[in-house]
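What follows is a single structure, written as structure tokens, with notes after it.
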Amino acid sequence: MSVALIVLAAGQGTRMQSDLPKVLHELAGVPLFAHALASGRALSPDRTVLVVGVGADRVATAAHDIDPGIAIAEQTEQLGTAHAVAQAQDALSGFDGDAIVLYGDTPFIRPETLAKMRAARASHDVVVLGFDAADPGRYGRLLMSGDTLERIVEFKDTTDEERAVTLCNSGVVCANATRMFELIKSVDNTNAGGEYYLTDIVEIARARGLSATIVRCPEEETLGINSRAELASAEAIFQTRMRDEALRAGVTMIAPETVYFAQDTVIGRDVVIEPNVVFGPGVTVETGARIRAFSHLEGAHVGGGAIVGPYARLRPGAELSNDVRVGNFVEIKNACLADGAKANHLTYIGDASVGAGANIGAGTVTCNYNGVEKHRTEIGERAFIGSDTMLVAPVRVGDGAITASGSVITKDVPDNALGLSRTAQEVKPGAAPRLFEMYRKAKARRQKGG
Ligand code: UD1
Ligand code: MG
């Protein structure tokens, strides 16, 4: 049975106090809405529709960066959750599987929970995700009779008796897509909020003799983000979860509370992560690698047995093969380092390929940018790049070649050749004391002159 996701992300997010649409604020290195998408994607949906409104263009662009296949439906006025879902109808034309409605500002729903909802759909027409709220506050209340969900009442419309109910609506709903749109047609806005409530479809379904039920999840999963404080606590929750998962999966962390992961960080078994390491999005670290203290990685792949840091920076497109060494104050961007290559100190390698076993001396820089265009540097296998070499791209240093330290390399160095470009050294015996004397006199003259 096929499934489609409808992710609601049109709301204003007033309490964020921000010019940025709420769902574009980052949680674990990716926009907030990407978390709901990721949970939903575990169900391998056939289609995904993101309903956008406030900051529509920016949200759509961010969505397409994640997945160009996401359909965008625009809700120009935020008239309520039912109205928001109705905007997805065109994008789902011809689709007759299940639709799952998720909120872009609710990042913690687990894929397992969504799978349970789909399983419950086998015997019910409408399935709502509920939770027992410690403090039910302003949530919609789920009114049950036995296992049947009869109605959802929004907080603003509750009677005192209904307010006492602690079983609350998370907002996640699953029903056959065609049926959901059909039910929404009957939703009106004659309620205390003056909005088209998606929650009304339950009562409408029941009146038509359809069945509705709930799946329960822990309250933590339903946490929505409305303010910067909530965003910060969500980040803390997320990080704790990722650290626990990493430890369970066989990653060693000396001070896990100082290591920050992104939503999609993948760390292999027996990787050691030292304190104060930050993973931006798109990082994979293979088995047995070591990420030393104070390193920052994003969009990078670290091969097995590699050692990165301390104080290393891997930027997008950094590809380190097995047993590579990247040491302190080394920055790698859009560059591949083949097996066993080493860049141990104070180096920038950008837009480059470095052959297996090559050694990059301290202070080496690939001068990849001429102010207008970027160019590539190629370094062959077992090449030895002397300290303080400037490699002015486009340039190639061949297999087994050497560049002399302090060289500015502007021409290709063939395999096994030496590239040397520096002025020849002169030696003047006994000149040092004379120079010192000259400097002292000059200083004394200046001091006298006042
Ligand atoms: C909604 C539910 C409530 C539930 C609560 C859980 C309804 C009517 N109420 O209430 O039962 O307990 O969530 O958090 O569904 N949105 C749009 N377009 C709109 C309106 C909303 O895209 O026109 C989006 C919002 O950006 C948000 C989500 O839908 O991501 C929920 O909207 P919100 O206004 O927060 O609904 P609640 O009043 O919290
Ligand atoms: Mg809300």
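In the structure tokens, the first chain shown is A, the next is B, and so on; residue numbers restart at 1 for each chain, and ligands run from 1 in the order shown.
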
Residues within 9 Å of ligand 2 should be enumerated using only C-alpha atoms and all ligand atoms and returned as a ChimeraX atom specification. /A:103,105-106,138-139,171,224-226

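All residues of protein, DNA or RNA that reach within 7 Å of Met117 in chain A, judged by only C-alpha atoms and not counting those fewer than 6 positions away in the chain, are Val127, Cys174 and Val215 of chain A.
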
Residue subset to file, keeping N, CA and C atoms, as a compact mmCIF listing (two decimals), in the first residue's frame:
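Okay, this is what ended up in again12.txt:
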# COMPACT_ATOMS: atom_id res chain seq x y z
N VAL A 127 -6.71 7.30 11.52
CA VAL A 127 -5.86 7.01 12.67
C VAL A 127 -5.16 8.30 13.10
N CYS A 174 -3.48 9.90 9.90
CA CYS A 174 -3.31 9.03 8.72
C CYS A 174 -4.68 8.54 8.24
N VAL A 215 -3.31 5.87 17.90
CA VAL A 215 -2.08 5.18 18.30
C VAL A 215 -1.46 6.13 19.31

Using only C-alpha atoms and all ligand atoms, tabulate the residues of chain A lying at most 9 Å from any atom of ligand 1, each with its closest atom pair and that distance in Å to one decimal, by chain and increasing residue number, as JSON lines.
{"residue": "A:Val7", "atom": "CA", "partner": "ligand 1", "partner_atom_place_in_ligand_line": "22 (O)", "distance": 8.1}
{"residue": "A:Leu8", "atom": "CA", "partner": "ligand 1", "partner_atom_place_in_ligand_line": "22 (O)", "distance": 4.3}
{"residue": "A:Ala9", "atom": "CA", "partner": "ligand 1", "partner_atom_place_in_ligand_line": "22 (O)", "distance": 4.5}
{"residue": "A:Ala10", "atom": "CA", "partner": "ligand 1", "partner_atom_place_in_ligand_line": "22 (O)", "distance": 3.5}
{"residue": "A:Gly11", "atom": "CA", "partner": "ligand 1", "partner_atom_place_in_ligand_line": "26 (O)", "distance": 3.2}
{"residue": "A:Gln12", "atom": "CA", "partner": "ligand 1", "partner_atom_place_in_ligand_line": "26 (O)", "distance": 6.5}
{"residue": "A:Gly13", "atom": "CA", "partner": "ligand 1", "partner_atom_place_in_ligand_line": "26 (O)", "distance": 7.1}
{"residue": "A:Lys22", "atom": "CA", "partner": "ligand 1", "partner_atom_place_in_ligand_line": "26 (O)", "distance": 8.2}
{"residue": "A:Val23", "atom": "CA", "partner": "ligand 1", "partner_atom_place_in_ligand_line": "26 (O)", "distance": 8.2}
{"residue": "A:Val51", "atom": "CA", "partner": "ligand 1", "partner_atom_place_in_ligand_line": "22 (O)", "distance": 6.1}
{"residue": "A:Val52", "atom": "CA", "partner": "ligand 1", "partner_atom_place_in_ligand_line": "22 (O)", "distance": 6.5}
{"residue": "A:Gly53", "atom": "CA", "partner": "ligand 1", "partner_atom_place_in_ligand_line": "22 (O)", "distance": 6.9}
{"residue": "A:Val54", "atom": "CA", "partner": "ligand 1", "partner_atom_place_in_ligand_line": "22 (O)", "distance": 8.9}
{"residue": "A:Gln75", "atom": "CA", "partner": "ligand 1", "partner_atom_place_in_ligand_line": "18 (N)", "distance": 6.9}
{"residue": "A:Thr76", "atom": "CA", "partner": "ligand 1", "partner_atom_place_in_ligand_line": "23 (O)", "distance": 8.9}
{"residue": "A:Glu77", "atom": "CA", "partner": "ligand 1", "partner_atom_place_in_ligand_line": "23 (O)", "distance": 6.7}
{"residue": "A:Gln78", "atom": "CA", "partner": "ligand 1", "partner_atom_place_in_ligand_line": "23 (O)", "distance": 3.3}
{"residue": "A:Leu79", "atom": "CA", "partner": "ligand 1", "partner_atom_place_in_ligand_line": "23 (O)", "distance": 4.2}
{"residue": "A:Gly80", "atom": "CA", "partner": "ligand 1", "partner_atom_place_in_ligand_line": "23 (O)", "distance": 3.4}
{"residue": "A:Thr81", "atom": "CA", "partner": "ligand 1", "partner_atom_place_in_ligand_line": "20 (C)", "distance": 4.3}
{"residue": "A:Ala82", "atom": "CA", "partner": "ligand 1", "partner_atom_place_in_ligand_line": "15 (O)", "distance": 7.0}
{"residue": "A:His83", "atom": "CA", "partner": "ligand 1", "partner_atom_place_in_ligand_line": "23 (O)", "distance": 6.1}
{"residue": "A:Ala84", "atom": "CA", "partner": "ligand 1", "partner_atom_place_in_ligand_line": "18 (N)", "distance": 4.6}
{"residue": "A:Val85", "atom": "CA", "partner": "ligand 1", "partner_atom_place_in_ligand_line": "22 (O)", "distance": 7.9}
{"residue": "A:Leu102", "atom": "CA", "partner": "ligand 1", "partner_atom_place_in_ligand_line": "28 (C)", "distance": 8.0}
{"residue": "A:Tyr103", "atom": "CA", "partner": "ligand 1", "partner_atom_place_in_ligand_line": "30 (O)", "distance": 4.4}
{"residue": "A:Gly104", "atom": "CA", "partner": "ligand 1", "partner_atom_place_in_ligand_line": "30 (O)", "distance": 5.2}
{"residue": "A:Asp105", "atom": "CA", "partner": "ligand 1", "partner_atom_place_in_ligand_line": "30 (O)", "distance": 5.0}
{"residue": "A:Thr106", "atom": "CA", "partner": "ligand 1", "partner_atom_place_in_ligand_line": "30 (O)", "distance": 7.1}
{"residue": "A:Gly130", "atom": "CA", "partner": "ligand 1", "partner_atom_place_in_ligand_line": "12 (O)", "distance": 8.6}
{"residue": "A:Pro136", "atom": "CA", "partner": "ligand 1", "partner_atom_place_in_ligand_line": "12 (O)", "distance": 8.8}
{"residue": "A:Arg138", "atom": "CA", "partner": "ligand 1", "partner_atom_place_in_ligand_line": "12 (O)", "distance": 7.0}
{"residue": "A:Tyr139", "atom": "CA", "partner": "ligand 1", "partner_atom_place_in_ligand_line": "12 (O)", "distance": 3.6}
{"residue": "A:Gly140", "atom": "CA", "partner": "ligand 1", "partner_atom_place_in_ligand_line": "11 (O)", "distance": 3.4}
{"residue": "A:Arg141", "atom": "CA", "partner": "ligand 1", "partner_atom_place_in_ligand_line": "11 (O)", "distance": 6.7}
{"residue": "A:Leu142", "atom": "CA", "partner": "ligand 1", "partner_atom_place_in_ligand_line": "11 (O)", "distance": 8.3}
{"residue": "A:Ile152", "atom": "CA", "partner": "ligand 1", "partner_atom_place_in_ligand_line": "11 (O)", "distance": 6.9}
{"residue": "A:Val153", "atom": "CA", "partner": "ligand 1", "partner_atom_place_in_ligand_line": "11 (O)", "distance": 7.1}
{"residue": "A:Glu154", "atom": "CA", "partner": "ligand 1", "partner_atom_place_in_ligand_line": "11 (O)", "distance": 5.5}
{"residue": "A:Phe155", "atom": "CA", "partner": "ligand 1", "partner_atom_place_in_ligand_line": "11 (O)", "distance": 7.6}
{"residue": "A:Cys168", "atom": "CA", "partner": "ligand 1", "partner_atom_place_in_ligand_line": "12 (O)", "distance": 5.9}
{"residue": "A:Asn169", "atom": "CA", "partner": "ligand 1", "partner_atom_place_in_ligand_line": "12 (O)", "distance": 4.1}
{"residue": "A:Ser170", "atom": "CA", "partner": "ligand 1", "partner_atom_place_in_ligand_line": "6 (C)", "distance": 4.4}
{"residue": "A:Gly171", "atom": "CA", "partner": "ligand 1", "partner_atom_place_in_ligand_line": "6 (C)", "distance": 4.8}
{"residue": "A:Val172", "atom": "CA", "partner": "ligand 1", "partner_atom_place_in_ligand_line": "6 (C)", "distance": 8.2}
{"residue": "A:Gly193", "atom": "CA", "partner": "ligand 1", "partner_atom_place_in_ligand_line": "8 (C)", "distance": 8.8}
{"residue": "A:Glu195", "atom": "CA", "partner": "ligand 1", "partner_atom_place_in_ligand_line": "8 (C)", "distance": 7.4}
{"residue": "A:Tyr196", "atom": "CA", "partner": "ligand 1", "partner_atom_place_in_ligand_line": "8 (C)", "distance": 7.0}
{"residue": "A:Tyr197", "atom": "CA", "partner": "ligand 1", "partner_atom_place_in_ligand_line": "8 (C)", "distance": 3.8}
{"residue": "A:Leu198", "atom": "CA", "partner": "ligand 1", "partner_atom_place_in_ligand_line": "15 (O)", "distance": 4.8}
{"residue": "A:Thr199", "atom": "CA", "partner": "ligand 1", "partner_atom_place_in_ligand_line": "15 (O)", "distance": 5.2}
{"residue": "A:Asp200", "atom": "CA", "partner": "ligand 1", "partner_atom_place_in_ligand_line": "8 (C)", "distance": 7.6}
{"residue": "A:Thr222", "atom": "CA", "partner": "ligand 1", "partner_atom_place_in_ligand_line": "14 (O)", "distance": 7.2}
{"residue": "A:Leu223", "atom": "CA", "partner": "ligand 1", "partner_atom_place_in_ligand_line": "14 (O)", "distance": 7.6}
{"residue": "A:Gly224", "atom": "CA", "partner": "ligand 1", "partner_atom_place_in_ligand_line": "14 (O)", "distance": 6.2}
{"residue": "A:Ile225", "atom": "CA", "partner": "ligand 1", "partner_atom_place_in_ligand_line": "30 (O)", "distance": 8.7}
{"residue": "A:Asn226", "atom": "CA", "partner": "ligand 1", "partner_atom_place_in_ligand_line": "35 (O)", "distance": 8.1}

Name all residues at most 7 Å from Ile291 in chain A (count only C-alpha atoms; drop same-chain ones fewer than 4 positions away) and give them as a count of residues only. 6

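Within 8 Å of Ser186 in chain A, once only C-alpha atoms are used and residues closer than 3 positions along the same chain are dropped, the contacting residues are Glu182, Leu183, Ile201 and Ile204 of chain A.
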
DSSP says strand (DSSP E or B) for which residues of range 103-340 of chain A? Put them as a ChimeraX atom specification? /A:103,126-132,141-145,148-153,167-176,212-216,252-253,260,266-267,272-273,278-279,284-285,290-291,296-297,300-302,307-308,313-314,318-320,325-337

Residues of range 287-366 of chain A that approach range 404-410 of chain A to 12 Å or less, counting only C-alpha atoms: could you list each one with the shortest pair of atoms and its distance in Å to one decimal, rows by chain and increasing residue number, as a Markdown table?
| residue | atom | partner | partner_atom | distance |
| --- | --- | --- | --- | --- |
| A:Ile360 | CA | A:Ser405 | CA | 10.5 |
| A:Gly361 | CA | A:Ser405 | CA | 8.1 |
| A:Ala362 | CA | A:Ser405 | CA | 9.3 |
| A:Gly363 | CA | A:Gly406 | CA | 9.1 |
| A:Thr364 | CA | A:Gly406 | CA | 8.8 |
| A:Val365 | CA | A:Val408 | CA | 9.7 |
| A:Thr366 | CA | A:Ile409 | CA | 9.7 |

Among listed residues A:Ala63, A:Ala306, A:Ala234, A:Cys367, nearest Ala338 in chain A (using only C-alpha atoms): A:Ala306

Applying 7 Å and only C-alpha atoms, which residues near Asn344 in chain A remain after dropping the ones on its own chain fewer than 4 positions away? List them as an MDAnalysis selection string. chainID A and resid 325:328 362

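Interatomic distance, CA of Arg163 in chain A against CA of Ala192 in chain A: 14.8 Å.
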
Point out the residue among A:Ala444, A:Ile385, A:Val427, A:Ile70 with the least atom-to-atom distance to Val413 in chain A, counting only C-alpha atoms. A:Ile385

Give the answer as one residue: which of A:Pro414, A:Ala232, A:Arg47, A:Val395 has the shortest atom-to-atom distance to Gly94 in chain A, using only C-alpha atoms? A:Arg47

Who sits within 12 Å of Pro275 in chain A, only C-alpha atoms, same chain under 2 positions skipped, as a count of residues only: 23

Applying 7 Å and only C-alpha atoms, which residues near Gly299 in chain A remain after dropping the ones on its own chain fewer than 2 positions away? List them as a ChimeraX atom specification. /A:281-283,297,315-318
